file target.pdb (PDB, C-alpha atoms)
ATOM      1  CA  MET A   2       7.650  11.543 -23.661
ATOM      2  CA  GLN A   3       6.390   8.450 -25.452
ATOM      3  CA  PRO A   4       9.390   6.202 -26.321
ATOM      4  CA  ALA A   5       9.819   5.228 -29.974
ATOM      5  CA  PRO A   6      10.485   1.625 -31.092
ATOM      6  CA  ALA A   7      14.191   0.752 -31.137
ATOM      7  CA  MET A   8      14.367   0.160 -34.893
ATOM      8  CA  PRO A   9      17.478   0.567 -37.024
ATOM      9  CA  LYS A  10      17.561   4.028 -38.591
ATOM     10  CA  SER A  11      17.619   2.574 -42.102
ATOM     11  CA  TRP A  12      14.251   0.839 -41.565
ATOM     12  CA  ARG A  13      11.060   2.456 -42.782
ATOM     13  CA  VAL A  14       8.841   3.159 -39.815
ATOM     14  CA  ASP A  15       5.520   3.992 -41.449
ATOM     15  CA  ASN A  16       4.718   0.484 -42.732
ATOM     16  CA  LYS A  17       5.590  -1.518 -39.663
ATOM     17  CA  PRO A  18       4.909  -4.199 -38.466
ATOM     18  CA  HIS A  19       6.626  -5.847 -41.419
ATOM     19  CA  LYS A  20       4.985  -8.617 -43.431
ATOM     20  CA  PHE A  21       6.891 -11.621 -42.107
ATOM     21  CA  CYS A  22       5.241 -14.328 -39.987
ATOM     22  CA  PRO A  23       5.536 -14.213 -36.188
ATOM     23  CA  GLY A  24       8.994 -15.421 -35.195
ATOM     24  CA  CYS A  25      10.415 -15.283 -38.725
ATOM     25  CA  GLY A  26      14.194 -15.193 -38.955
ATOM     26  CA  HIS A  27      14.133 -12.698 -41.817
ATOM     27  CA  GLY A  28      13.166  -9.956 -39.368
ATOM     28  CA  LEU A  29      16.230 -10.653 -37.245
ATOM     29  CA  ILE A  30      18.642 -10.893 -40.194
ATOM     30  CA  LEU A  31      17.315  -7.653 -41.665
ATOM     31  CA  LYS A  32      17.527  -5.988 -38.256
ATOM     32  CA  CYS A  33      21.220  -6.962 -38.155
ATOM     33  CA  LEU A  34      21.644  -5.684 -41.718
ATOM     34  CA  GLY A  35      19.939  -2.421 -40.749
ATOM     35  CA  GLN A  36      22.278  -2.015 -37.790
ATOM     36  CA  ALA A  37      25.301  -2.764 -39.991
ATOM     37  CA  ILE A  38      24.150  -0.114 -42.512
ATOM     38  CA  ASP A  39      23.583   2.378 -39.669
ATOM     39  CA  GLU A  40      27.001   1.771 -38.132
ATOM     40  CA  LEU A  41      28.817   2.135 -41.463
ATOM     41  CA  GLU A  42      26.664   5.211 -42.325
ATOM     42  CA  ILE A  43      26.115   4.129 -45.919
ATOM     43  CA  GLN A  44      22.326   4.405 -46.137
ATOM     44  CA  SER A  45      22.394   6.935 -48.988
ATOM     45  CA  ARG A  46      24.660   4.742 -51.153
ATOM     46  CA  VAL A  47      23.026   1.338 -50.730
ATOM     47  CA  VAL A  48      20.879  -0.361 -53.369
ATOM     48  CA  TYR A  49      18.948  -3.281 -51.947
ATOM     49  CA  GLY A  50      17.798  -6.165 -54.118
ATOM     50  CA  CYS A  51      15.454  -8.856 -52.867
ATOM     51  CA  ASP A  52      14.616 -12.171 -54.439
ATOM     52  CA  ILE A  53      11.483 -14.276 -54.868
ATOM     53  CA  GLY A  54      10.321 -16.227 -51.850
ATOM     54  CA  CYS A  55       9.711 -14.871 -48.406
ATOM     55  CA  SER A  56      12.664 -12.510 -48.882
ATOM     56  CA  LEU A  57      10.595 -10.409 -51.305
ATOM     57  CA  LEU A  58       8.364  -9.384 -48.404
ATOM     58  CA  SER A  59      11.235  -7.098 -47.427
ATOM     59  CA  TRP A  60      10.716  -4.918 -50.526
ATOM     60  CA  ASP A  61       9.466  -1.996 -48.421
ATOM     61  CA  LEU A  62      11.164  -2.852 -45.165
ATOM     62  CA  PHE A  63      14.121  -0.504 -45.628
ATOM     63  CA  ASN A  64      14.305   3.148 -46.405
ATOM     64  CA  LEU A  65      16.620   2.249 -49.316
ATOM     65  CA  ASP A  66      16.375   2.099 -53.098
ATOM     66  CA  THR A  67      15.012  -1.388 -53.685
ATOM     67  CA  VAL A  68      14.565  -3.701 -56.659
ATOM     68  CA  GLN A  69      12.916  -7.116 -56.678
ATOM     69  CA  THR A  70      13.728  -9.884 -59.150
ATOM     70  CA  HIS A  71      13.027 -13.599 -59.391
ATOM     71  CA  HIS A  72      14.819 -16.904 -58.823
ATOM     72  CA  GLY A  73      18.296 -15.834 -57.798
ATOM     73  CA  ARG A  74      18.608 -13.202 -60.516
ATOM     74  CA  THR A  75      19.051 -10.596 -57.825
ATOM     75  CA  THR A  76      22.778 -11.384 -58.017
ATOM     76  CA  PRO A  77      23.188 -10.528 -61.748
ATOM     77  CA  VAL A  78      20.890  -7.496 -61.408
ATOM     78  CA  MET A  79      23.045  -6.169 -58.586
ATOM     79  CA  THR A  80      26.183  -7.045 -60.572
ATOM     80  CA  GLY A  81      24.925  -4.953 -63.484
ATOM     81  CA  MET A  82      24.038  -2.092 -61.191
ATOM     82  CA  LYS A  83      27.488  -2.204 -59.600
ATOM     83  CA  ARG A  84      29.208  -2.218 -63.007
ATOM     84  CA  ALA A  85      27.131   0.726 -64.232
ATOM     85  CA  ARG A  86      27.448   2.767 -61.035
ATOM     86  CA  PRO A  87      30.561   1.598 -59.125
ATOM     87  CA  GLU A  88      29.988   4.157 -56.344
ATOM     88  CA  LEU A  89      26.823   2.365 -55.219
ATOM     89  CA  LEU A  90      26.856  -0.413 -52.636
ATOM     90  CA  CYS A  91      24.767  -3.304 -53.884
ATOM     91  CA  ILE A  92      23.214  -5.848 -51.528
ATOM     92  CA  ALA A  93      21.480  -8.926 -52.931
ATOM     93  CA  TYR A  94      19.241 -10.545 -50.338
ATOM     94  CA  MET A  95      17.752 -13.972 -50.997
ATOM     95  CA  GLY A  96      16.684 -17.189 -49.367
ATOM     96  CA  ASP A  97      18.251 -20.595 -49.799
ATOM     97  CA  GLY A  98      15.668 -21.453 -52.457
ATOM     98  CA  GLY A  99      16.699 -18.534 -54.676
ATOM     99  CA  GLY A 100      20.366 -18.529 -53.774
ATOM    100  CA  TYR A 101      21.243 -22.196 -53.424
ATOM    101  CA  SER A 102      18.879 -24.062 -55.711
ATOM    102  CA  ILE A 103      17.211 -22.340 -58.653
ATOM    103  CA  GLY A 104      19.602 -19.372 -58.740
ATOM    104  CA  VAL A 105      22.838 -21.059 -57.773
ATOM    105  CA  GLN A 106      24.362 -20.559 -61.245
ATOM    106  CA  HIS A 107      24.142 -16.780 -60.800
ATOM    107  CA  LEU A 108      25.796 -16.993 -57.400
ATOM    108  CA  VAL A 109      28.570 -19.246 -58.751
ATOM    109  CA  GLY A 110      29.136 -16.987 -61.759
ATOM    110  CA  ALA A 111      29.319 -13.841 -59.664
ATOM    111  CA  ALA A 112      31.698 -15.480 -57.182
ATOM    112  CA  MET A 113      34.011 -16.765 -59.936
ATOM    113  CA  ARG A 114      34.157 -13.309 -61.535
ATOM    114  CA  ASN A 115      34.729 -11.822 -58.070
ATOM    115  CA  GLU A 116      32.029  -9.203 -58.581
ATOM    116  CA  LYS A 117      32.167  -6.450 -55.998
ATOM    117  CA  ILE A 118      28.729  -7.025 -54.526
ATOM    118  CA  THR A 119      27.420  -8.372 -51.238
ATOM    119  CA  VAL A 120      25.110 -11.384 -51.245
ATOM    120  CA  ILE A 121      23.162 -12.401 -48.146
ATOM    121  CA  VAL A 122      21.495 -15.807 -48.168
ATOM    122  CA  ALA A 123      18.961 -16.652 -45.468
ATOM    123  CA  ASN A 124      19.010 -20.404 -44.924
ATOM    124  CA  ASN A 125      15.874 -21.846 -43.306
ATOM    125  CA  THR A 126      16.326 -25.389 -44.718
ATOM    126  CA  GLN A 127      13.252 -25.322 -46.971
ATOM    127  CA  TYR A 128      11.118 -23.369 -49.452
ATOM    128  CA  ALA A 129       9.059 -21.385 -46.998
ATOM    129  CA  MET A 130       6.743 -19.217 -49.110
ATOM    130  CA  THR A 131       5.330 -22.130 -51.139
ATOM    131  CA  GLY A 132       4.483 -24.129 -48.023
ATOM    132  CA  GLY A 133       7.667 -25.745 -46.756
ATOM    133  CA  GLN A 134       8.873 -28.155 -49.461
ATOM    134  CA  MET A 135      12.214 -29.938 -49.320
ATOM    135  CA  ALA A 136      15.141 -27.779 -50.430
ATOM    136  CA  PRO A 137      18.818 -28.686 -51.028
ATOM    137  CA  THR A 138      19.534 -27.408 -47.506
ATOM    138  CA  THR A 139      16.960 -29.619 -45.753
ATOM    139  CA  LEU A 140      18.598 -31.594 -42.955
ATOM    140  CA  PRO A 141      18.691 -35.422 -43.089
ATOM    141  CA  GLY A 142      15.614 -36.786 -41.382
ATOM    142  CA  GLN A 143      13.839 -33.429 -41.357
ATOM    143  CA  LYS A 144      10.166 -33.695 -42.263
ATOM    144  CA  THR A 145       8.787 -31.305 -44.863
ATOM    145  CA  GLU A 146       5.724 -31.264 -47.128
ATOM    146  CA  THR A 147       7.510 -33.241 -49.860
ATOM    147  CA  CYS A 148       9.444 -35.598 -47.590
ATOM    148  CA  PRO A 149       6.860 -36.512 -44.942
ATOM    149  CA  TYR A 150       8.967 -39.433 -43.670
ATOM    150  CA  GLY A 151      12.093 -37.308 -43.282
ATOM    151  CA  ARG A 152      14.781 -36.532 -45.862
ATOM    152  CA  ASP A 153      16.636 -39.640 -46.947
ATOM    153  CA  PRO A 154      20.295 -38.754 -47.674
ATOM    154  CA  GLY A 155      20.683 -41.961 -49.734
ATOM    155  CA  ALA A 156      18.077 -40.816 -52.241
ATOM    156  CA  THR A 157      18.330 -37.019 -52.056
ATOM    157  CA  GLY A 158      21.859 -36.285 -50.880
ATOM    158  CA  LEU A 159      23.231 -34.357 -47.942
ATOM    159  CA  PRO A 160      22.497 -30.688 -47.081
ATOM    160  CA  PHE A 161      24.054 -28.215 -49.487
ATOM    161  CA  GLN A 162      27.015 -26.380 -47.985
ATOM    162  CA  GLY A 163      26.721 -23.181 -49.998
ATOM    163  CA  ALA A 164      29.166 -20.995 -48.096
ATOM    164  CA  GLU A 165      31.907 -23.646 -48.256
ATOM    165  CA  MET A 166      31.332 -24.101 -51.988
ATOM    166  CA  ILE A 167      31.546 -20.376 -52.723
ATOM    167  CA  SER A 168      34.702 -20.037 -50.618
ATOM    168  CA  ALA A 169      36.281 -22.907 -52.589
ATOM    169  CA  ILE A 170      35.648 -21.333 -56.003
ATOM    170  CA  ALA A 171      35.948 -17.611 -55.247
ATOM    171  CA  PRO A 172      39.301 -15.960 -55.996
ATOM    172  CA  ASP A 173      41.341 -14.118 -53.397
ATOM    173  CA  GLY A 174      39.649 -10.957 -52.191
ATOM    174  CA  ALA A 175      36.337 -12.627 -51.551
ATOM    175  CA  TYR A 176      34.769 -12.710 -48.097
ATOM    176  CA  VAL A 177      32.601 -15.654 -47.085
ATOM    177  CA  ALA A 178      31.046 -16.172 -43.656
ATOM    178  CA  ARG A 179      28.175 -17.971 -42.050
ATOM    179  CA  GLY A 180      26.245 -16.463 -39.154
ATOM    180  CA  SER A 181      23.118 -17.436 -37.332
ATOM    181  CA  ILE A 182      20.175 -15.625 -35.781
ATOM    182  CA  SER A 183      21.061 -17.375 -32.526
ATOM    183  CA  HIS A 184      24.208 -15.178 -32.399
ATOM    184  CA  LEU A 185      23.066 -11.736 -33.506
ATOM    185  CA  THR A 186      26.140  -9.688 -32.561
ATOM    186  CA  GLN A 187      28.353 -12.062 -34.526
ATOM    187  CA  LEU A 188      25.969 -11.917 -37.496
ATOM    188  CA  THR A 189      26.007  -8.105 -37.454
ATOM    189  CA  GLY A 190      29.813  -8.241 -37.403
ATOM    190  CA  PHE A 191      29.897 -10.556 -40.429
ATOM    191  CA  LEU A 192      27.474  -8.318 -42.340
ATOM    192  CA  LYS A 193      29.580  -5.275 -41.511
ATOM    193  CA  LYS A 194      32.761  -7.012 -42.686
ATOM    194  CA  ALA A 195      31.023  -8.121 -45.884
ATOM    195  CA  LEU A 196      29.881  -4.567 -46.621
ATOM    196  CA  LYS A 197      33.338  -3.237 -45.717
ATOM    197  CA  ASN A 198      34.818  -5.714 -48.206
ATOM    198  CA  GLN A 199      32.641  -4.174 -50.899
ATOM    199  CA  ILE A 200      33.434  -0.601 -49.817
ATOM    200  CA  ASP A 201      37.159  -1.369 -49.961
ATOM    201  CA  GLY A 202      36.705  -2.947 -53.389
ATOM    202  CA  HIS A 203      38.341  -6.286 -52.580
ATOM    203  CA  GLY A 204      35.677  -8.381 -54.263
ATOM    204  CA  PHE A 205      32.727 -10.649 -53.744
ATOM    205  CA  SER A 206      31.236 -11.131 -50.301
ATOM    206  CA  LEU A 207      28.728 -13.729 -49.195
ATOM    207  CA  VAL A 208      27.105 -14.046 -45.792
ATOM    208  CA  GLU A 209      24.892 -17.035 -45.146
ATOM    209  CA  ALA A 210      22.574 -16.532 -42.201
ATOM    210  CA  LEU A 211      20.862 -19.479 -40.542
ATOM    211  CA  SER A 212      17.243 -18.453 -40.194
ATOM    212  CA  ALA A 213      14.038 -19.730 -38.626
ATOM    213  CA  CYS A 214      10.664 -20.658 -40.089
ATOM    214  CA  PRO A 215       8.320 -21.551 -37.204
ATOM    215  CA  THR A 216       5.297 -21.549 -39.541
ATOM    216  CA  ASN A 217       6.544 -24.359 -41.784
ATOM    217  CA  TRP A 218       8.700 -26.154 -39.245
ATOM    218  CA  ARG A 219       5.531 -26.234 -37.103
ATOM    219  CA  THR A 220       7.545 -25.452 -34.001
ATOM    220  CA  ASP A 221       6.820 -23.373 -30.916
ATOM    221  CA  ALA A 222       9.332 -20.801 -29.728
ATOM    222  CA  ALA A 223      11.335 -23.211 -27.564
ATOM    223  CA  ARG A 224      11.641 -25.843 -30.306
ATOM    224  CA  THR A 225      12.484 -23.119 -32.874
ATOM    225  CA  TRP A 226      15.540 -22.033 -30.892
ATOM    226  CA  GLU A 227      16.493 -25.653 -30.274
ATOM    227  CA  PHE A 228      16.302 -26.440 -34.000
ATOM    228  CA  ILE A 229      18.549 -23.497 -34.904
ATOM    229  CA  GLU A 230      21.049 -23.957 -32.094
ATOM    230  CA  LYS A 231      21.321 -27.758 -32.123
ATOM    231  CA  ASP A 232      20.005 -29.387 -35.318
ATOM    232  CA  MET A 233      21.072 -26.742 -37.837
ATOM    233  CA  ALA A 234      24.315 -25.817 -36.087
ATOM    234  CA  GLY A 235      25.381 -29.460 -36.368
ATOM    235  CA  TYR A 236      25.475 -29.275 -40.166
ATOM    236  CA  PHE A 237      26.126 -25.604 -40.804
ATOM    237  CA  LYS A 238      29.122 -24.343 -38.842
ATOM    238  CA  ARG A 239      29.212 -20.683 -37.936
ATOM    239  CA  GLY A 240      32.317 -18.634 -38.625
ATOM    240  CA  GLU A 241      34.364 -16.809 -41.231
ATOM    241  CA  ILE A 242      35.239 -19.224 -44.018
ATOM    242  CA  LYS A 243      37.199 -16.964 -46.359
ATOM    243  CA  ILE A 244      38.833 -13.663 -45.477
ATOM    244  CA  PRO A 245      40.677 -11.486 -48.028
ATOM    245  CA  GLY A 246      44.450 -11.820 -47.721
ATOM    246  CA  GLN A 247      44.259 -14.931 -45.607
ATOM    247  CA  LYS A 248      44.391 -18.604 -46.389
ATOM    248  CA  GLU A 249      41.074 -20.412 -46.383
ATOM    249  CA  ALA A 250      39.996 -20.760 -42.792
ATOM    250  CA  THR A 251      37.763 -23.507 -41.539
ATOM    251  CA  ALA A 252      34.512 -22.552 -39.909
ATOM    252  CA  ASN A 253      34.575 -22.967 -36.172
ATOM    253  CA  ALA A 254      31.429 -23.377 -34.187
TER     254      ALA A 254
ATOM    255  CA  MET B  26       6.743  10.169 -41.593
ATOM    256  CA  THR B  27       6.629   8.652 -38.174
ATOM    257  CA  LEU B  28       3.806   6.686 -36.692
ATOM    258  CA  ASP B  29       2.877   6.627 -33.066
ATOM    259  CA  PHE B  30       2.871   3.005 -31.927
ATOM    260  CA  ASN B  31       1.580   3.784 -28.401
ATOM    261  CA  GLY B  32       4.035   1.872 -26.292
ATOM    262  CA  ARG B  33       3.022   0.327 -23.003
ATOM    263  CA  THR B  34       5.778   1.159 -20.533
ATOM    264  CA  LEU B  35       6.232  -0.957 -17.406
ATOM    265  CA  GLU B  36       8.248   0.841 -14.758
ATOM    266  CA  LEU B  37      10.335  -1.993 -13.377
ATOM    267  CA  GLU B  38      13.039  -1.769 -10.712
ATOM    268  CA  LYS B  39      15.982  -1.762 -13.109
ATOM    269  CA  ALA B  40      14.461  -0.604 -16.366
ATOM    270  CA  PHE B  41      11.607   1.066 -18.173
ATOM    271  CA  TRP B  42      10.329  -1.892 -20.177
ATOM    272  CA  THR B  43       8.260  -0.750 -23.156
ATOM    273  CA  LEU B  44       6.201  -3.046 -25.356
ATOM    274  CA  PHE B  45       4.505  -1.838 -28.534
ATOM    275  CA  PRO B  46       1.337  -3.970 -28.945
ATOM    276  CA  GLY B  47       1.018  -2.586 -32.486
ATOM    277  CA  LEU B  48       4.269  -4.374 -33.388
ATOM    278  CA  CYS B  49       4.168  -7.523 -31.229
ATOM    279  CA  LYS B  50       3.093 -10.588 -33.234
ATOM    280  CA  GLY B  51       3.236 -12.933 -30.253
ATOM    281  CA  CYS B  52       5.971 -15.266 -31.523
ATOM    282  CA  GLY B  53       7.369 -15.905 -28.041
ATOM    283  CA  LEU B  54      11.065 -15.828 -29.013
ATOM    284  CA  CYS B  55      11.767 -13.333 -26.199
ATOM    285  CA  VAL B  56       9.964 -15.516 -23.632
ATOM    286  CA  GLU B  57      12.382 -18.365 -24.365
ATOM    287  CA  LYS B  58      15.535 -16.241 -24.550
ATOM    288  CA  CYS B  59      15.075 -14.305 -21.282
ATOM    289  CA  PRO B  60      17.903 -15.452 -18.962
ATOM    290  CA  VAL B  61      15.878 -14.843 -15.769
ATOM    291  CA  ASP B  62      12.553 -16.053 -17.149
ATOM    292  CA  CYS B  63      10.765 -12.832 -16.295
ATOM    293  CA  ILE B  64       8.746 -12.446 -19.535
ATOM    294  CA  ASP B  65       5.312 -13.999 -19.729
ATOM    295  CA  TRP B  66       2.160 -13.691 -21.812
ATOM    296  CA  SER B  67      -0.001 -10.659 -21.182
ATOM    297  CA  ASP B  68      -3.719  -9.878 -21.387
ATOM    298  CA  VAL B  69      -2.975  -7.059 -23.816
ATOM    299  CA  LEU B  70      -3.400  -8.285 -27.387
ATOM    300  CA  GLY B  71      -0.792  -7.764 -30.083
ATOM    301  CA  VAL B  72      -1.221  -6.716 -33.698
ATOM    302  CA  TYR B  73      -2.548 -10.115 -34.879
ATOM    303  CA  GLY B  74      -4.924 -10.541 -31.920
ATOM    304  CA  THR B  75      -2.539 -12.918 -30.160
ATOM    305  CA  PRO B  76      -1.345 -12.243 -26.594
ATOM    306  CA  SER B  77       1.564  -9.852 -26.317
ATOM    307  CA  VAL B  78       4.208 -10.168 -23.598
ATOM    308  CA  GLU B  79       5.082  -8.396 -20.369
ATOM    309  CA  ALA B  80       7.997  -8.507 -17.930
ATOM    310  CA  ASP B  81       8.037  -8.411 -14.151
ATOM    311  CA  ASN B  82      10.429  -7.045 -11.544
ATOM    312  CA  ARG B  83      12.918  -9.907 -11.921
ATOM    313  CA  CYS B  84      14.091  -8.142 -15.116
ATOM    314  CA  ILE B  85      17.838  -7.413 -15.024
ATOM    315  CA  ALA B  86      17.715  -5.011 -17.988
ATOM    316  CA  CYS B  87      20.126  -7.130 -20.053
ATOM    317  CA  GLY B  88      18.409  -6.194 -23.327
ATOM    318  CA  ILE B  89      18.351  -9.672 -24.861
ATOM    319  CA  CYS B  90      14.582  -9.526 -25.479
ATOM    320  CA  GLN B  91      15.025  -6.226 -27.318
ATOM    321  CA  ASN B  92      17.711  -7.810 -29.489
ATOM    322  CA  VAL B  93      15.877 -11.040 -30.340
ATOM    323  CA  CYS B  94      12.555  -9.385 -31.190
ATOM    324  CA  PRO B  95      12.243  -9.629 -35.003
ATOM    325  CA  ASP B  96       9.684  -6.810 -34.996
ATOM    326  CA  CYS B  97      11.458  -4.350 -32.674
ATOM    327  CA  ALA B  98       8.397  -4.439 -30.409
ATOM    328  CA  ILE B  99      10.400  -4.258 -27.168
ATOM    329  CA  ARG B 100      12.447  -1.334 -25.972
ATOM    330  CA  ILE B 101      14.462  -1.217 -22.768
ATOM    331  CA  ASP B 102      15.729   1.957 -21.142
ATOM    332  CA  LYS B 103      17.931   1.284 -18.147
ATOM    333  CA  ARG B 104      17.035   3.407 -15.138
ATOM    334  CA  LYS B 105      20.614   4.600 -14.579
ATOM    335  CA  LYS B 106      20.815   6.017 -18.070
ATOM    336  CA  LEU B 107      17.673   8.070 -17.630
ATOM    337  CA  ILE B 108      18.869   9.591 -14.328
ATOM    338  CA  ASN B 109      22.094  10.739 -15.949
TER     339      ASN B 109
END

call {"tool": "encode", "arguments": {"input": "target.pdb", "output": "structure tokens"}}
result
Amino acid sequence: MQPAPAMPKSWRVDNKPHKFCPGCGHGLILKCLGQAIDELEIQSRVVYGCDIGCSLLSWDLFNLDTVQTHHGRTTPVMTGMKRARPELLCIAYMGDGGGYSIGVQHLVGAAMRNEKITVIVANNTQYAMTGGQMAPTTLPGQKTETCPYGRDPGATGLPFQGAEMISAIAPDGAYVARGSISHLTQLTGFLKKALKNQIDGHGFSLVEALSACPTNWRTDAARTWEFIEKDMAGYFKRGEIKIPGQKEATANA
Amino acid sequence: MTLDFNGRTLELEKAFWTLFPGLCKGCGLCVEKCPVDCIDWSDVLGVYGTPSVEADNRCIACGICQNVCPDCAIRIDKRKKLIN
């Protein structure tokens, strides 16, 4: 018998391959999310919202009810959906451009109100869909289209630590973690815990996932892994930053 | 609806190593992550006309390439499992 591709059950099969570039980190994060949804058996209850940017290319990736909005407004749209239909499980998926720069006010507002939704932010240190411009998460010295000599922290500040900020302002009951596509089992575990936090009704959950963009980083496969595992891991520490019922933990690499 | 992706199964010593050229975009992430360096570029072209990948008999059936493939283009079935 012809073997079938080992895709998560919650993925749509008929429109694969998906629309992301070769080597894109979104594929890996969404594979982990698909596995988390499969393991929790919640496919029929999930509403999936994607944002503008490369994350919108996932609008038909899942076999889930999906809505697409712009500029970080996925968070308030999912908040509204959760308030209207509390039995649904709402996942807002966005990149660091939507989540941490133009749409950060929505993320902050939802975290302060402790809305019972799950937000997943894919951090690839730049605005990927528009051609790789400098974002708040760009690493010092990293070259992008709009900082061709490398980011200067004196003029443009240090990389934005979104997960740490959300864990500092979110009330008790929130779950905040940062995973990476270099550690997929750990990332799947974080996504499962974040969804479980929403199922149990504790409150807001945020998972930041360090992602890759070989197209705009202009890296080959070896340098892509090196950038995620060495350069990015130096600034963005993996680990659970806030767990419901526990004091704020520090991320450990 | 299910599509037939026409996998290309290599019958290796420890595993049946299947690659779906209709899904492989040729990113090379699996080539770098293989712990025994057994994956290399193949003459079979992937979905974007770039070379796809293939493994050889050094494969230890660890499944890392299946996990790190963003497009789910690789599938590994360990030989032991199939016998049982």

call {"tool": "interface_residues", "arguments": {"input": "target.pdb", "of": "chain A", "to": "chain B", "cutoff": "6 Å", "atoms": "all atoms listed in the file", "output": "list in words"}}
result
Ala7, Met8, Asp15, Pro18, Pro23, Gly24, Gly28, Leu29, Ala222 and Ala223 of chain A

call {"tool": "write_last_selection", "arguments": {"input": "target.pdb", "atoms": "C-alpha atoms", "output": "short mmCIF file (atom, residue, chain, number, x, y, z; two decimals), keeping the file's coordinate frame"}}
result
data_model
loop_
_atom_site.label_atom_id
_atom_site.label_comp_id
_atom_site.auth_asym_id
_atom_site.auth_seq_id
_atom_site.Cartn_x
_atom_site.Cartn_y
_atom_site.Cartn_z
CA ALA A 7 14.19 0.75 -31.14
CA MET A 8 14.37 0.16 -34.89
CA ASP A 15 5.52 3.99 -41.45
CA PRO A 18 4.91 -4.20 -38.47
CA PRO A 23 5.54 -14.21 -36.19
CA GLY A 24 8.99 -15.42 -35.20
CA GLY A 28 13.17 -9.96 -39.37
CA LEU A 29 16.23 -10.65 -37.24
CA ALA A 222 9.33 -20.80 -29.73
CA ALA A 223 11.34 -23.21 -27.56
#

call {"tool": "resolve_selection", "arguments": {"input": "target.pdb", "expression": "the PyMOL selection byres ((chain A and resi 53-68) around 6)", "output": "ChimeraX atom specification"}}
result
/A:11-13,48-52,69,71-72,95,130

call {"tool": "atom_distance", "arguments": {"input": "target.pdb", "atom1": "atom CA of A:Asn115", "atom2": "atom CA of A:Glu209"}}
result
17.1 Å

call {"tool": "closest_residue", "arguments": {"input": "target.pdb", "among": "B:Glu79, B:Ala86, B:Leu70, B:Pro46", "to": "B:Arg104", "atoms": "all atoms listed in the file"}}
result
B:Ala86

call {"tool": "resolve_selection", "arguments": {"input": "target.pdb", "expression": "the PyMOL selection byres ((chain A and resi 228) around 12)", "output": "CSV table (one decimal) with C-alpha atoms, keeping the file's coordinate frame"}}
result
chain,number,residue,atom,x,y,z
A,125,ASN,CA,15.9,-21.8,-43.3
A,126,THR,CA,16.3,-25.4,-44.7
A,140,LEU,CA,18.6,-31.6,-43.0
A,143,GLN,CA,13.8,-33.4,-41.4
A,181,SER,CA,23.1,-17.4,-37.3
A,182,ILE,CA,20.2,-15.6,-35.8
A,183,SER,CA,21.1,-17.4,-32.5
A,211,LEU,CA,20.9,-19.5,-40.5
A,212,SER,CA,17.2,-18.5,-40.2
A,213,ALA,CA,14.0,-19.7,-38.6
A,214,CYS,CA,10.7,-20.7,-40.1
A,215,PRO,CA,8.3,-21.6,-37.2
A,218,TRP,CA,8.7,-26.2,-39.2
A,219,ARG,CA,5.5,-26.2,-37.1
A,220,THR,CA,7.5,-25.5,-34.0
A,221,ASP,CA,6.8,-23.4,-30.9
A,222,ALA,CA,9.3,-20.8,-29.7
A,223,ALA,CA,11.3,-23.2,-27.6
A,224,ARG,CA,11.6,-25.8,-30.3
A,225,THR,CA,12.5,-23.1,-32.9
A,226,TRP,CA,15.5,-22.0,-30.9
A,227,GLU,CA,16.5,-25.7,-30.3
A,229,ILE,CA,18.5,-23.5,-34.9
A,230,GLU,CA,21.0,-24.0,-32.1
A,231,LYS,CA,21.3,-27.8,-32.1
A,232,ASP,CA,20.0,-29.4,-35.3
A,233,MET,CA,21.1,-26.7,-37.8
A,234,ALA,CA,24.3,-25.8,-36.1
A,235,GLY,CA,25.4,-29.5,-36.4
A,236,TYR,CA,25.5,-29.3,-40.2
A,237,PHE,CA,26.1,-25.6,-40.8

call {"tool": "residues_around", "arguments": {"input": "target.pdb", "residues": "A:Asp153", "least_positions_apart": "2", "cutoff": "7 Å", "atoms": "all atoms listed in the file", "output": "number ranges by chain"}}
result
A: 141-142, 151, 155-157

call {"tool": "write_last_selection", "arguments": {"input": "target.pdb", "atoms": "C-alpha atoms", "output": "PDB file, keeping the file's coordinate frame"}}
result
ATOM      1  CA  PRO A 141      18.691 -35.422 -43.089  1.00  0.00           C
ATOM      2  CA  GLY A 142      15.614 -36.786 -41.382  1.00  0.00           C
ATOM      3  CA  GLY A 151      12.093 -37.308 -43.282  1.00  0.00           C
ATOM      4  CA  GLY A 155      20.683 -41.961 -49.734  1.00  0.00           C
ATOM      5  CA  ALA A 156      18.077 -40.816 -52.241  1.00  0.00           C
ATOM      6  CA  THR A 157      18.330 -37.019 -52.056  1.00  0.00           C
TER       7      THR A 157
END

call {"tool": "closest_residue", "arguments": {"input": "target.pdb", "among": "A:Thr70, A:Gln199, A:Gln162, A:Asn217", "to": "A:Asn124", "atoms": "all atoms listed in the file"}}
result
A:Gln162

call {"tool": "atom_distance", "arguments": {"input": "target.pdb", "atom1": "atom CA of A:Val208", "atom2": "atom CA of A:Ile92"}}
result
10.7 Å

call {"tool": "axis_aligned_box", "arguments": {"input": "target.pdb", "around": "stretch 168-172 of chain A", "padding_each_side": "3 Å", "output": "lines of an AutoDock Vina configuration file"}}
result
center_x = 37.0
center_y = -19.4
center_z = -53.3
size_x = 10.6
size_y = 12.9
size_z = 11.4

call {"tool": "residues_around", "arguments": {"input": "target.pdb", "residues": "A:Pro172", "least_positions_apart": "3", "cutoff": "10 Å", "atoms": "all atoms listed in the file", "output": "VMD selection string"}}
result
chain A and resid 112 to 115 167 to 169 175 to 176 204 to 205 243 245

call {"tool": "closest_residue", "arguments": {"input": "target.pdb", "among": "B:Gly74, B:Ser67, B:Glu38, B:Cys59", "to": "B:Gly88", "atoms": "all atoms listed in the file"}}
result
B:Cys59

call {"tool": "atom_distance", "arguments": {"input": "target.pdb", "atom1": "atom CA of A:Thr186", "atom2": "atom CA of A:Ala111"}}
result
27.6 Å
